[in-house]
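Heads up, start.txt below (compact mmCIF, C-alpha atoms and all ligand atoms):
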```txt
# COMPACT_ATOMS: atom_id res chain seq x y z
CA MET A 866 -7.83 -15.12 -28.42
CA ALA A 867 -8.70 -11.43 -28.01
CA ASP A 868 -6.29 -9.51 -25.87
CA LEU A 869 -7.11 -7.80 -22.63
CA ASP A 870 -6.39 -4.18 -21.81
CA CYS A 871 -5.03 -4.44 -18.26
CA THR A 872 -4.27 -0.76 -17.79
CA VAL A 873 -5.60 1.08 -14.77
CA ASP A 874 -5.82 4.85 -14.58
CA LEU A 875 -5.57 5.86 -10.93
CA GLY A 876 -5.85 9.54 -11.80
CA ARG A 877 -3.58 12.59 -11.88
CA GLY A 878 -1.32 11.03 -14.48
CA LEU A 879 -0.71 7.72 -12.71
CA ARG A 880 -1.50 5.11 -15.32
CA LEU A 881 -0.53 1.49 -14.60
CA ARG A 882 0.02 -1.16 -17.23
CA THR A 883 -1.31 -3.86 -14.87
CA PRO A 884 -3.40 -3.80 -11.68
CA VAL A 885 -0.70 -5.61 -9.65
CA LEU A 886 1.59 -3.59 -7.36
CA THR A 887 4.07 -4.48 -4.67
CA ALA A 888 3.12 -3.39 -1.14
CA SER A 889 5.27 -1.04 0.91
CA GLY A 890 7.91 -2.62 3.12
CA THR A 891 7.98 -5.93 1.31
CA PHE A 892 9.95 -4.87 -1.78
CA ALA A 893 12.37 -2.30 -0.30
CA TYR A 894 13.20 0.23 -3.06
CA GLY A 895 12.82 -2.21 -5.92
CA PHE A 896 16.46 -3.10 -6.50
CA ASP A 897 16.84 -6.40 -4.66
CA ALA A 898 14.32 -8.79 -6.15
CA PRO A 899 15.87 -10.26 -9.31
CA LEU A 900 13.43 -13.20 -9.32
CA VAL A 901 10.30 -11.06 -9.54
CA ASP A 902 8.90 -10.65 -13.05
CA ARG A 903 8.67 -6.89 -13.35
CA GLY A 904 6.66 -7.22 -16.54
CA ALA A 905 3.73 -8.34 -14.38
CA LEU A 906 3.84 -5.23 -12.20
CA GLY A 907 1.91 -2.00 -12.64
CA ALA A 908 4.01 -0.12 -10.08
CA ILE A 909 6.35 -0.58 -7.16
CA VAL A 910 5.51 0.94 -3.79
CA THR A 911 8.63 1.60 -1.73
CA LYS A 912 9.45 1.18 1.94
CA GLY A 913 8.08 3.94 4.17
CA THR A 914 10.39 6.94 3.79
CA THR A 915 10.92 9.58 6.45
CA LEU A 916 12.60 12.99 6.59
CA ARG A 917 15.70 11.69 8.38
CA PRO A 918 17.25 8.20 8.09
CA ARG A 919 15.94 5.69 10.65
CA SER A 920 17.59 2.50 11.85
CA GLY A 921 14.30 0.95 12.99
CA ASN A 922 13.51 -1.12 16.08
CA SER A 923 15.86 -3.57 17.73
CA PRO A 924 15.36 -7.29 17.02
CA ALA A 925 13.28 -9.39 17.11
CA ARG A 926 11.38 -7.38 14.50
CA ILE A 927 9.54 -10.23 12.81
CA ALA A 928 7.58 -13.22 14.14
CA GLU A 929 5.87 -15.97 12.20
CA THR A 930 2.29 -16.86 13.06
CA PRO A 931 0.30 -19.84 11.76
CA SER A 932 -1.09 -17.95 8.76
CA GLY A 933 0.73 -14.68 8.62
CA MET A 934 3.53 -12.67 10.10
CA LEU A 935 3.97 -9.98 12.71
CA ASN A 936 6.39 -7.18 12.01
CA ALA A 937 7.65 -4.20 13.93
CA ILE A 938 10.46 -3.03 11.68
CA GLY A 939 10.11 0.54 12.92
CA LEU A 940 10.38 2.29 9.55
CA GLN A 941 14.02 1.54 8.88
CA ASN A 942 14.90 3.65 5.83
CA PRO A 943 17.72 5.83 4.48
CA GLY A 944 15.73 9.09 4.61
CA VAL A 945 14.22 11.14 1.79
CA ASP A 946 17.42 12.80 0.63
CA ALA A 947 19.14 9.48 -0.07
CA VAL A 948 16.01 8.27 -1.85
CA ARG A 949 15.90 11.39 -3.98
CA ARG A 950 19.61 11.47 -4.84
CA GLU A 951 20.53 7.78 -5.09
CA TYR A 952 17.39 5.84 -5.96
CA ALA A 953 15.19 8.17 -8.01
CA PRO A 954 17.70 8.60 -10.88
CA ARG A 955 17.77 4.81 -11.26
CA TRP A 956 13.96 4.62 -11.22
CA ALA A 957 13.81 7.31 -13.90
CA ALA A 958 15.40 4.84 -16.33
CA TRP A 959 12.72 2.17 -15.66
CA ASP A 960 9.48 1.68 -17.56
CA LEU A 961 7.75 0.97 -14.23
CA PRO A 962 6.30 3.74 -12.06
CA VAL A 963 7.59 3.98 -8.50
CA ILE A 964 5.29 5.24 -5.75
CA VAL A 965 7.14 6.40 -2.66
CA ASN A 966 5.50 5.47 0.64
CA VAL A 967 5.90 8.39 3.04
CA ALA A 968 5.84 8.34 6.84
CA GLY A 969 6.48 10.78 9.66
CA ASP A 970 5.40 11.71 13.16
CA ARG A 971 4.67 15.37 12.58
CA LEU A 972 2.53 16.90 9.87
CA GLU A 973 5.41 19.23 8.95
CA ASP A 974 7.73 16.26 8.42
CA TYR A 975 5.33 14.55 6.03
CA VAL A 976 4.92 17.79 4.09
CA GLU A 977 8.67 18.29 3.86
CA VAL A 978 9.30 14.74 2.63
CA VAL A 979 6.64 15.13 -0.05
CA ARG A 980 7.91 18.57 -1.04
CA ARG A 981 11.38 17.09 -1.57
CA LEU A 982 9.95 14.33 -3.78
CA ASP A 983 7.75 16.59 -5.86
CA GLY A 984 8.92 16.91 -9.45
CA VAL A 985 11.84 14.50 -8.93
CA PRO A 986 12.27 12.39 -12.09
CA GLY A 987 11.66 8.74 -11.26
CA VAL A 988 9.04 9.45 -8.57
CA SER A 989 5.56 8.80 -10.00
CA GLY A 990 3.38 9.08 -6.93
CA ILE A 991 3.11 9.25 -3.16
CA GLU A 992 1.49 6.73 -0.85
CA LEU A 993 0.84 8.37 2.49
CA ASN A 994 1.17 6.02 5.43
CA VAL A 995 -1.17 7.61 7.97
CA SER A 996 -0.55 4.84 10.52
CA CYS A 997 2.24 6.79 12.21
CA PRO A 998 1.81 8.28 15.65
CA ASN A 999 1.37 12.04 15.61
CA VAL A 1000 3.79 13.37 18.22
CA ALA A 1001 1.64 16.41 19.03
CA ALA A 1002 -1.72 14.64 19.22
CA GLY A 1003 -0.31 11.42 20.66
CA MET A 1004 -2.42 9.25 18.39
CA GLN A 1005 -2.07 7.95 14.87
CA PHE A 1006 -3.16 10.34 12.10
CA GLY A 1007 -5.06 7.50 10.51
CA VAL A 1008 -7.37 6.72 13.43
CA ASP A 1009 -8.96 10.16 13.50
CA ALA A 1010 -10.87 11.51 10.49
CA ARG A 1011 -10.03 15.14 11.30
CA LEU A 1012 -6.28 14.51 11.70
CA ALA A 1013 -6.19 12.29 8.61
CA ALA A 1014 -7.92 15.01 6.58
CA GLN A 1015 -5.59 17.74 7.87
CA LEU A 1016 -2.58 15.67 6.92
CA THR A 1017 -3.97 14.82 3.49
CA ALA A 1018 -4.83 18.47 2.76
CA ALA A 1019 -1.37 19.67 3.84
CA VAL A 1020 0.38 17.07 1.69
CA ARG A 1021 -1.99 17.73 -1.22
CA ALA A 1022 -0.89 21.37 -1.20
CA ALA A 1023 2.77 20.31 -1.33
CA THR A 1024 2.69 18.11 -4.43
CA SER A 1025 1.23 17.72 -7.86
CA LEU A 1026 2.05 13.99 -7.81
CA HIS A 1027 -0.64 11.34 -7.54
CA LEU A 1028 -1.56 11.10 -3.85
CA MET A 1029 -2.68 7.71 -2.52
CA VAL A 1030 -3.60 7.62 1.16
CA LYS A 1031 -3.09 4.28 2.88
CA LEU A 1032 -5.70 3.51 5.50
CA THR A 1033 -5.05 1.73 8.77
CA PRO A 1034 -7.70 -0.87 9.63
CA ASN A 1035 -7.13 -0.41 13.38
CA VAL A 1036 -10.17 1.80 13.79
CA THR A 1037 -13.78 1.38 14.83
CA GLU A 1038 -15.09 2.80 11.57
CA LEU A 1039 -13.02 3.01 8.40
CA VAL A 1040 -15.57 4.68 6.12
CA PRO A 1041 -15.58 8.16 7.74
CA ILE A 1042 -11.78 8.24 7.52
CA ALA A 1043 -11.79 7.16 3.88
CA ARG A 1044 -14.36 9.84 3.09
CA ALA A 1045 -12.40 12.48 5.00
CA VAL A 1046 -9.16 11.85 3.10
CA ALA A 1047 -11.00 11.69 -0.23
CA ASP A 1048 -12.64 15.05 0.50
CA ALA A 1049 -9.26 16.48 1.55
CA GLY A 1050 -7.75 15.81 -1.87
CA ALA A 1051 -6.51 12.21 -2.04
CA ASP A 1052 -6.48 10.86 -5.60
CA SER A 1053 -6.88 7.27 -4.39
CA VAL A 1054 -6.91 5.30 -1.16
CA SER A 1055 -5.13 2.05 -0.44
CA ALA A 1056 -6.54 -0.37 2.10
CA VAL A 1057 -5.31 -1.85 4.31
CA ASN A 1058 -2.19 -1.59 6.39
CA THR A 1059 -1.42 -4.29 8.97
CA TYR A 1060 -3.64 -5.20 11.95
CA VAL A 1061 -2.09 -4.68 15.39
CA GLY A 1062 -1.19 -7.96 17.04
CA MET A 1063 1.36 -9.70 19.24
CA ALA A 1064 2.91 -13.03 20.20
CA ILE A 1065 4.34 -14.15 23.55
CA ASP A 1066 7.37 -16.41 24.02
CA LEU A 1067 6.41 -18.98 26.70
CA ARG A 1068 9.99 -19.95 27.55
CA ARG A 1069 11.43 -16.45 27.81
CA ARG A 1070 8.20 -15.21 29.33
CA ARG A 1071 8.08 -12.05 27.31
CA PRO A 1072 6.60 -10.74 24.04
CA VAL A 1073 8.38 -12.15 20.99
CA LEU A 1074 8.83 -8.77 19.35
CA ALA A 1075 11.19 -6.32 21.06
CA ASN A 1076 8.56 -3.68 20.34
CA GLU A 1077 6.00 -5.97 22.08
CA VAL A 1078 3.32 -5.30 19.46
CA GLY A 1079 3.53 -5.44 15.69
CA GLY A 1080 1.51 -5.47 12.50
CA LEU A 1081 -0.14 -8.69 11.37
CA SER A 1082 -0.08 -9.36 7.63
CA GLY A 1083 -0.48 -12.35 5.33
CA PRO A 1084 -3.34 -14.82 4.72
CA ALA A 1085 -4.71 -14.40 8.26
CA ILE A 1086 -5.95 -10.90 7.49
CA LYS A 1087 -7.40 -11.44 4.01
CA PRO A 1088 -11.09 -11.74 4.91
CA LEU A 1089 -10.80 -8.67 7.15
CA ALA A 1090 -8.98 -6.64 4.51
CA LEU A 1091 -11.43 -7.70 1.82
CA HIS A 1092 -14.30 -6.54 3.99
CA ALA A 1093 -12.56 -3.20 4.55
CA VAL A 1094 -12.29 -2.70 0.77
CA TRP A 1095 -15.91 -3.78 0.31
CA GLU A 1096 -16.97 -1.09 2.79
CA VAL A 1097 -14.78 1.70 1.46
CA VAL A 1098 -15.41 1.29 -2.29
CA PRO A 1099 -19.02 2.53 -2.36
CA ALA A 1100 -18.25 5.28 0.16
CA VAL A 1101 -15.73 7.19 -1.97
CA SER A 1102 -15.62 8.37 -5.55
CA ILE A 1103 -11.88 7.79 -6.01
CA PRO A 1104 -10.13 4.50 -6.86
CA VAL A 1105 -9.42 2.07 -4.03
CA VAL A 1106 -6.28 -0.07 -4.16
CA GLY A 1107 -6.81 -3.26 -2.17
CA MET A 1108 -4.36 -5.31 -0.16
CA GLY A 1109 -4.05 -7.57 2.82
CA GLY A 1110 -3.21 -11.24 2.69
CA ILE A 1111 -3.33 -11.71 -1.05
CA SER A 1112 -1.50 -14.95 -1.66
CA GLY A 1113 -2.57 -15.85 -5.18
CA PRO A 1114 -4.95 -15.15 -8.07
CA GLN A 1115 -8.10 -16.19 -6.20
CA ASP A 1116 -7.49 -13.60 -3.47
CA ALA A 1117 -6.63 -10.84 -5.94
CA LEU A 1118 -9.77 -11.58 -7.96
CA GLU A 1119 -11.88 -11.26 -4.82
CA PHE A 1120 -10.45 -7.78 -4.20
CA LEU A 1121 -11.17 -6.71 -7.80
CA LEU A 1122 -14.72 -8.07 -7.54
CA ALA A 1123 -15.11 -6.11 -4.30
CA GLY A 1124 -14.34 -3.03 -6.38
CA ALA A 1125 -10.62 -2.48 -5.93
CA ALA A 1126 -9.11 -0.82 -9.00
CA ALA A 1127 -5.77 -2.56 -8.36
CA VAL A 1128 -4.12 -4.76 -5.74
CA GLN A 1129 -0.87 -4.70 -3.79
CA LEU A 1130 1.04 -7.85 -2.89
CA GLY A 1131 2.97 -7.80 0.38
CA THR A 1132 3.89 -10.77 2.56
CA VAL A 1133 3.45 -13.23 -0.32
CA ASN A 1134 6.60 -11.77 -1.91
CA TYR A 1135 8.62 -13.45 0.86
CA VAL A 1136 7.33 -16.91 0.02
CA ASN A 1137 6.64 -16.80 -3.71
CA PRO A 1138 8.68 -14.46 -5.91
CA ASN A 1139 6.46 -15.48 -8.83
CA ALA A 1140 3.27 -14.28 -7.12
CA ALA A 1141 2.88 -11.10 -9.18
CA ARG A 1142 3.05 -13.03 -12.45
CA GLU A 1143 0.65 -15.70 -11.19
CA VAL A 1144 -1.81 -13.06 -9.98
CA LEU A 1145 -1.70 -11.17 -13.27
CA ASP A 1146 -2.16 -14.37 -15.28
CA GLY A 1147 -5.12 -15.29 -13.05
CA ILE A 1148 -6.75 -11.90 -13.60
CA ARG A 1149 -6.21 -12.11 -17.35
CA GLY A 1150 -7.59 -15.66 -17.51
CA TYR A 1151 -10.72 -14.75 -15.52
CA ALA A 1152 -11.46 -11.71 -17.68
CA LEU A 1153 -10.73 -13.38 -21.00
CA GLU A 1154 -12.90 -16.39 -20.12
CA ARG A 1155 -15.77 -13.96 -19.76
CA GLY A 1156 -15.00 -12.18 -23.01
CA TRP A 1157 -14.05 -8.90 -21.34
CA SER A 1158 -11.73 -6.55 -23.20
CA ASP A 1159 -10.65 -4.56 -20.15
CA LEU A 1160 -10.96 -4.58 -16.36
CA ARG A 1161 -14.04 -2.39 -16.09
CA PRO A 1162 -16.60 -5.21 -15.65
CA PHE A 1163 -14.89 -6.47 -12.47
CA PRO A 1164 -16.69 -4.66 -9.63
CA LEU A 1165 -19.76 -6.55 -8.43
CA ARG A 1166 -21.47 -3.30 -7.50
CA ALA A 1167 -21.69 -0.04 -9.42
CA SER A 1168 -19.39 2.54 -7.87
CA PRO A 1169 -20.12 6.29 -7.72
CA VAL A 1170 -17.64 6.88 -10.57
CA PRO A 1171 -15.92 4.28 -12.75
CA SER A 1172 -12.89 3.06 -10.81
CA HIS A 1173 -11.11 2.01 -13.99
CA ALA A 1174 -11.00 5.11 -16.16
C1 LIG B 1201 7.91 -6.40 6.82
C2 LIG B 1201 6.82 -5.43 6.48
C3 LIG B 1201 7.13 -4.07 6.43
C4 LIG B 1201 6.12 -3.14 6.11
N1 LIG B 1201 6.44 -1.81 6.02
C5 LIG B 1201 5.48 -0.91 5.66
C6 LIG B 1201 5.80 0.48 5.50
O1 LIG B 1201 6.96 0.91 5.64
N2 LIG B 1201 4.80 1.35 5.17
C7 LIG B 1201 3.50 0.91 4.97
O2 LIG B 1201 2.63 1.72 4.66
N3 LIG B 1201 3.18 -0.40 5.09
C8 LIG B 1201 4.14 -1.31 5.42
N4 LIG B 1201 3.81 -2.64 5.54
C9 LIG B 1201 2.40 -3.07 5.31
C10 LIG B 1201 2.19 -3.66 3.90
O3 LIG B 1201 2.51 -2.73 2.90
C11 LIG B 1201 0.75 -4.16 3.73
O4 LIG B 1201 -0.14 -3.08 3.94
C12 LIG B 1201 0.38 -5.26 4.72
O5 LIG B 1201 1.49 -6.12 4.94
C13 LIG B 1201 -0.82 -6.09 4.28
O6 LIG B 1201 -0.57 -6.74 3.06
P1 LIG B 1201 -0.03 -8.27 2.97
O7 LIG B 1201 -0.87 -9.08 3.89
O8 LIG B 1201 -0.16 -8.63 1.53
O9 LIG B 1201 1.41 -8.23 3.41
C14 LIG B 1201 4.80 -3.59 5.86
C15 LIG B 1201 4.51 -4.96 5.91
C16 LIG B 1201 5.49 -5.88 6.20
C17 LIG B 1201 5.13 -7.34 6.24
```

Any chance you could give the structure as structure tokens?
Amino acid sequence: MADLDCTVDLGRGLRLRTPVLTASGTFAYGFDAPLVDRGALGAIVTKGTTLRPRSGNSPARIAETPSGMLNAIGLQNPGVDAVRREYAPRWAAWDLPVIVNVAGDRLEDYVEVVRRLDGVPGVSGIELNVSCPNVAAGMQFGVDARLAAQLTAAVRAATSLHLMVKLTPNVTELVPIARAVADAGADSVSAVNTYVGMAIDLRRRRPVLANEVGGLSGPAIKPLALHAVWEVVPAVSIPVVGMGGISGPQDALEFLLAGAAAVQLGTVNYVNPNAAREVLDGIRGYALERGWSDLRPFPLRASPVPSHA
């Protein structure tokens, strides 16, 4: 059987050997998942990393829902300096690119985190989590096209690394925000982050999560996330990395058909450590059955530029 070229070029030197990535917050910094078959992965995306260490929210920080989970971890992370000094040297010895997810509540903090990661061996790219509240403006960067563009432009100027901007779906219209960050210098966009939700404990008569609200992920959000990707792909001329509720090959294939250049797996990692391998095998099987030699024929609609270079 002919072999399939699974590589994906996301641009600015970020070339992935497969289109399957781990999603931020579900794979920590890549050291604690011995059961996951790394050979199936194109890259690891880390937990959201901030300028200073954060201990996160108090418990309960996670709640199960019938087809997904709510989380309000509160960006628990060791801070950028620990990441740079302790983790990056270990990543540098891997054959797998690591994309650091970056968070902050002030534009200056994001810029500083990215500046400290720029040129550090072992760091192959930045994923900008724009779903953080901007202290000055009092709203999330990612819900306002102008703020999202300002943040993207400032971070763009601070790094020569691949810059992926992760969109929040908690907006009325996603497309203008995707366009704004693309115009401001993003190399790719990833879509989507979690949907805001909550659960209430009937017996204790209070919200289940200590933070009251959290982010909904898992199978419940897949049709919504797929639609978000479907909308964003034709609106931008940079690659779109799709995620949200992917629980197996069928879901991942739908995202690739919708035009995603690659997919991220999040919540599924908690229930099936073999998911990345199964998804990759499913993608390979689908393409090979159709006689394709690479991933370029996937998108159902022509995009403004080829999303698989
Ligand atoms: C426990 C948990 C922690 C997360 N932490 C982050 C984070 O730090 N930064 C971020 O951008 N997204 C974070 N996410 C969102 C995921 O990366 C992903 O966008 C979302 O869960 C949807 O994908 P899924 O349904 O496959 O999990 C987190 C998700 C979960 C479940």

So that all listed atoms of ligand LIG 1201 (chain B) fit with 3 Å spare on each side, what axis-aligned box centre and edge lengths in Å, to one decimal, would you give as AutoDock Vina command-line options?
```
--center_x 3.5 --center_y -3.7 --center_z 4.2 --size_x 14.8 --size_y 16.8 --size_z 11.3
```

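Minimum atom-to-atom distance to ligand LIG 1201 (chain B), evaluated using only C-alpha atoms and all ligand atoms, belongs to A:Gly933 out of A:Gly1150, A:Gly990, A:Gly1007, A:Gly933.
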
Go through chain A and flag each residue having an atom no more than 8 Å from ligand LIG 1201 (chain B); for those, report the closest pair of atoms plus their distance in Å to one decimal, using all atoms listed in the file, ordered by chain and rising number, as CSV.
```
residue,atom,partner,partner_atom,distance
A:Thr887,CA,B:LIG1201,O3,7.9
A:Ala888,CA,B:LIG1201,O3,4.1
A:Ser889,CA,B:LIG1201,O3,3.8
A:Gly890,CA,B:LIG1201,N1,3.4
A:Thr891,CA,B:LIG1201,C2,5.3
A:Thr911,CA,B:LIG1201,O1,7.6
A:Lys912,CA,B:LIG1201,O1,4.5
A:Gly913,CA,B:LIG1201,O1,3.5
A:Thr914,CA,B:LIG1201,O1,7.2
A:Ile927,CA,B:LIG1201,C1,7.3
A:Gly933,CA,B:LIG1201,O7,7.5
A:Met934,CA,B:LIG1201,C17,6.8
A:Leu935,CA,B:LIG1201,C17,7.1
A:Asn936,CA,B:LIG1201,C1,5.5
A:Ala937,CA,B:LIG1201,C1,7.4
A:Ile938,CA,B:LIG1201,C3,6.3
A:Gly939,CA,B:LIG1201,O1,7.9
A:Leu940,CA,B:LIG1201,O1,5.4
A:Gln941,CA,B:LIG1201,O1,7.8
A:Asn966,CA,B:LIG1201,N2,6.2
A:Val967,CA,B:LIG1201,N2,7.4
A:Ala968,CA,B:LIG1201,N2,7.3
A:Glu992,CA,B:LIG1201,O2,7.5
A:Leu993,CA,B:LIG1201,O2,7.2
A:Asn994,CA,B:LIG1201,O2,4.6
A:Val995,CA,B:LIG1201,O2,7.8
A:Ser996,CA,B:LIG1201,O2,7.4
A:Lys1031,CA,B:LIG1201,O2,6.5
A:Ala1056,CA,B:LIG1201,O4,7.2
A:Val1057,CA,B:LIG1201,O4,5.3
A:Asn1058,CA,B:LIG1201,O4,3.5
A:Thr1059,CA,B:LIG1201,C12,4.7
A:Gly1080,CA,B:LIG1201,C15,7.3
A:Leu1081,CA,B:LIG1201,O5,7.1
A:Ser1082,CA,B:LIG1201,O7,3.8
A:Gly1083,CA,B:LIG1201,O7,3.6
A:Pro1084,CA,B:LIG1201,O7,6.3
A:Ala1085,CA,B:LIG1201,O7,7.9
A:Ile1086,CA,B:LIG1201,O7,6.5
A:Lys1087,CA,B:LIG1201,O7,6.9
A:Met1108,CA,B:LIG1201,O6,5.2
A:Gly1109,CA,B:LIG1201,O6,3.6
A:Gly1110,CA,B:LIG1201,O7,3.4
A:Ile1111,CA,B:LIG1201,O8,5.1
A:Ser1112,CA,B:LIG1201,O8,7.2
A:Gln1129,CA,B:LIG1201,O8,6.7
A:Leu1130,CA,B:LIG1201,O8,4.6
A:Gly1131,CA,B:LIG1201,O9,3.4
A:Thr1132,CA,B:LIG1201,O9,3.7
A:Val1133,CA,B:LIG1201,O8,6.1
```

**Study point:** Long-range neighbours of Ala1047 in chain A as a VMD selection string, 8 Å cut-off, only C-alpha atoms, 6 positions minimum in chain
**Key:** chain A and resid 1053 to 1054 1101 to 1103

Point to revise | CA of Ala1043 in chain A to CA of Arg949 in chain A, straight-line distance in Å | key: 29.1 Å

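Checking A:Asn1137, A:Ser989, A:Gln1115, A:Asn1076 one by one against Met1029 in chain A, counting only C-alpha atoms, you find the shortest gap at A:Ser989.
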
Review point. What is the distance between CA of Leu869 in chain A and CA of Ala905 in chain A, in Å to one decimal?
Key: 13.6 Å

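In this model, the gap between CA of Thr872 in chain A and CA of Pro884 in chain A comes to 6.9 Å.
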
Review point. Of the candidates A:Ala1023, A:Pro1114, A:Val948, A:Val1000, which one gets nearest to Ala1141 in chain A if we count all atoms listed in the file?
Key: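 Once distances to Ala1141 in chain A are computed over all atoms listed in the file, the minimum belongs to A:Pro1114.
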
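With all atoms listed in the file as the basis for measurement, A:Gly1113 is the residue among A:Gly1113, A:Leu1089, A:Arg882, A:Val1073 that approaches Asn1139 in chain A most closely.
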
Practice item. Please identify all polymer residues within 9 Å of Arg1166 in chain A, counting all atoms listed in the file, omitting same-chain residues fewer than 3 positions from it, and present them as a PyMOL selection string. Key: chain A and resi 1099+1122-1124+1163

Study note, to complete from the structure: Residue with the minimum atom-to-atom distance to Pro1088 in chain A, picked from A:Ala1117, A:Val1061, A:Ile1148, A:Leu1074 with all atoms listed in the file counted, is A:Ala1117

**Study point:** Which residue of A:Val1030, A:Ala1045, A:Leu961, A:Ala947 approaches Arg917 in chain A most closely, using only C-alpha atoms
**Key:**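 Closest to Arg917 in chain A of all the choices is A:Ala947.
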
Set the distance at 7 Å and use all atoms listed in the file: which residues neighbour range 978-982 of chain A once local chain neighbours fewer than 6 positions away are removed? I'd like the list as a PDB file with C-alpha atoms, in the frame of the given file.
```
ATOM      1  CA  THR A 915      10.920   9.580   6.450  1.00  0.00           C
ATOM      2  CA  LEU A 916      12.600  12.990   6.590  1.00  0.00           C
ATOM      3  CA  VAL A 945      14.220  11.140   1.790  1.00  0.00           C
ATOM      4  CA  ARG A 949      15.900  11.390  -3.980  1.00  0.00           C
ATOM      5  CA  VAL A 988       9.040   9.450  -8.570  1.00  0.00           C
ATOM      6  CA  VAL A1020       0.380  17.070   1.690  1.00  0.00           C
ATOM      7  CA  ALA A1023       2.770  20.310  -1.330  1.00  0.00           C
ATOM      8  CA  THR A1024       2.690  18.110  -4.430  1.00  0.00           C
TER       9      THR A1024
END
```

Check your understanding: Residues at most 10 Å from Asp870 in chain A, counting all atoms listed in the file, excluding those fewer than 4 positions away in the same chain, as a PyMOL selection string?
Key -> chain A and resi 882-883+1149+1152+1157-1161
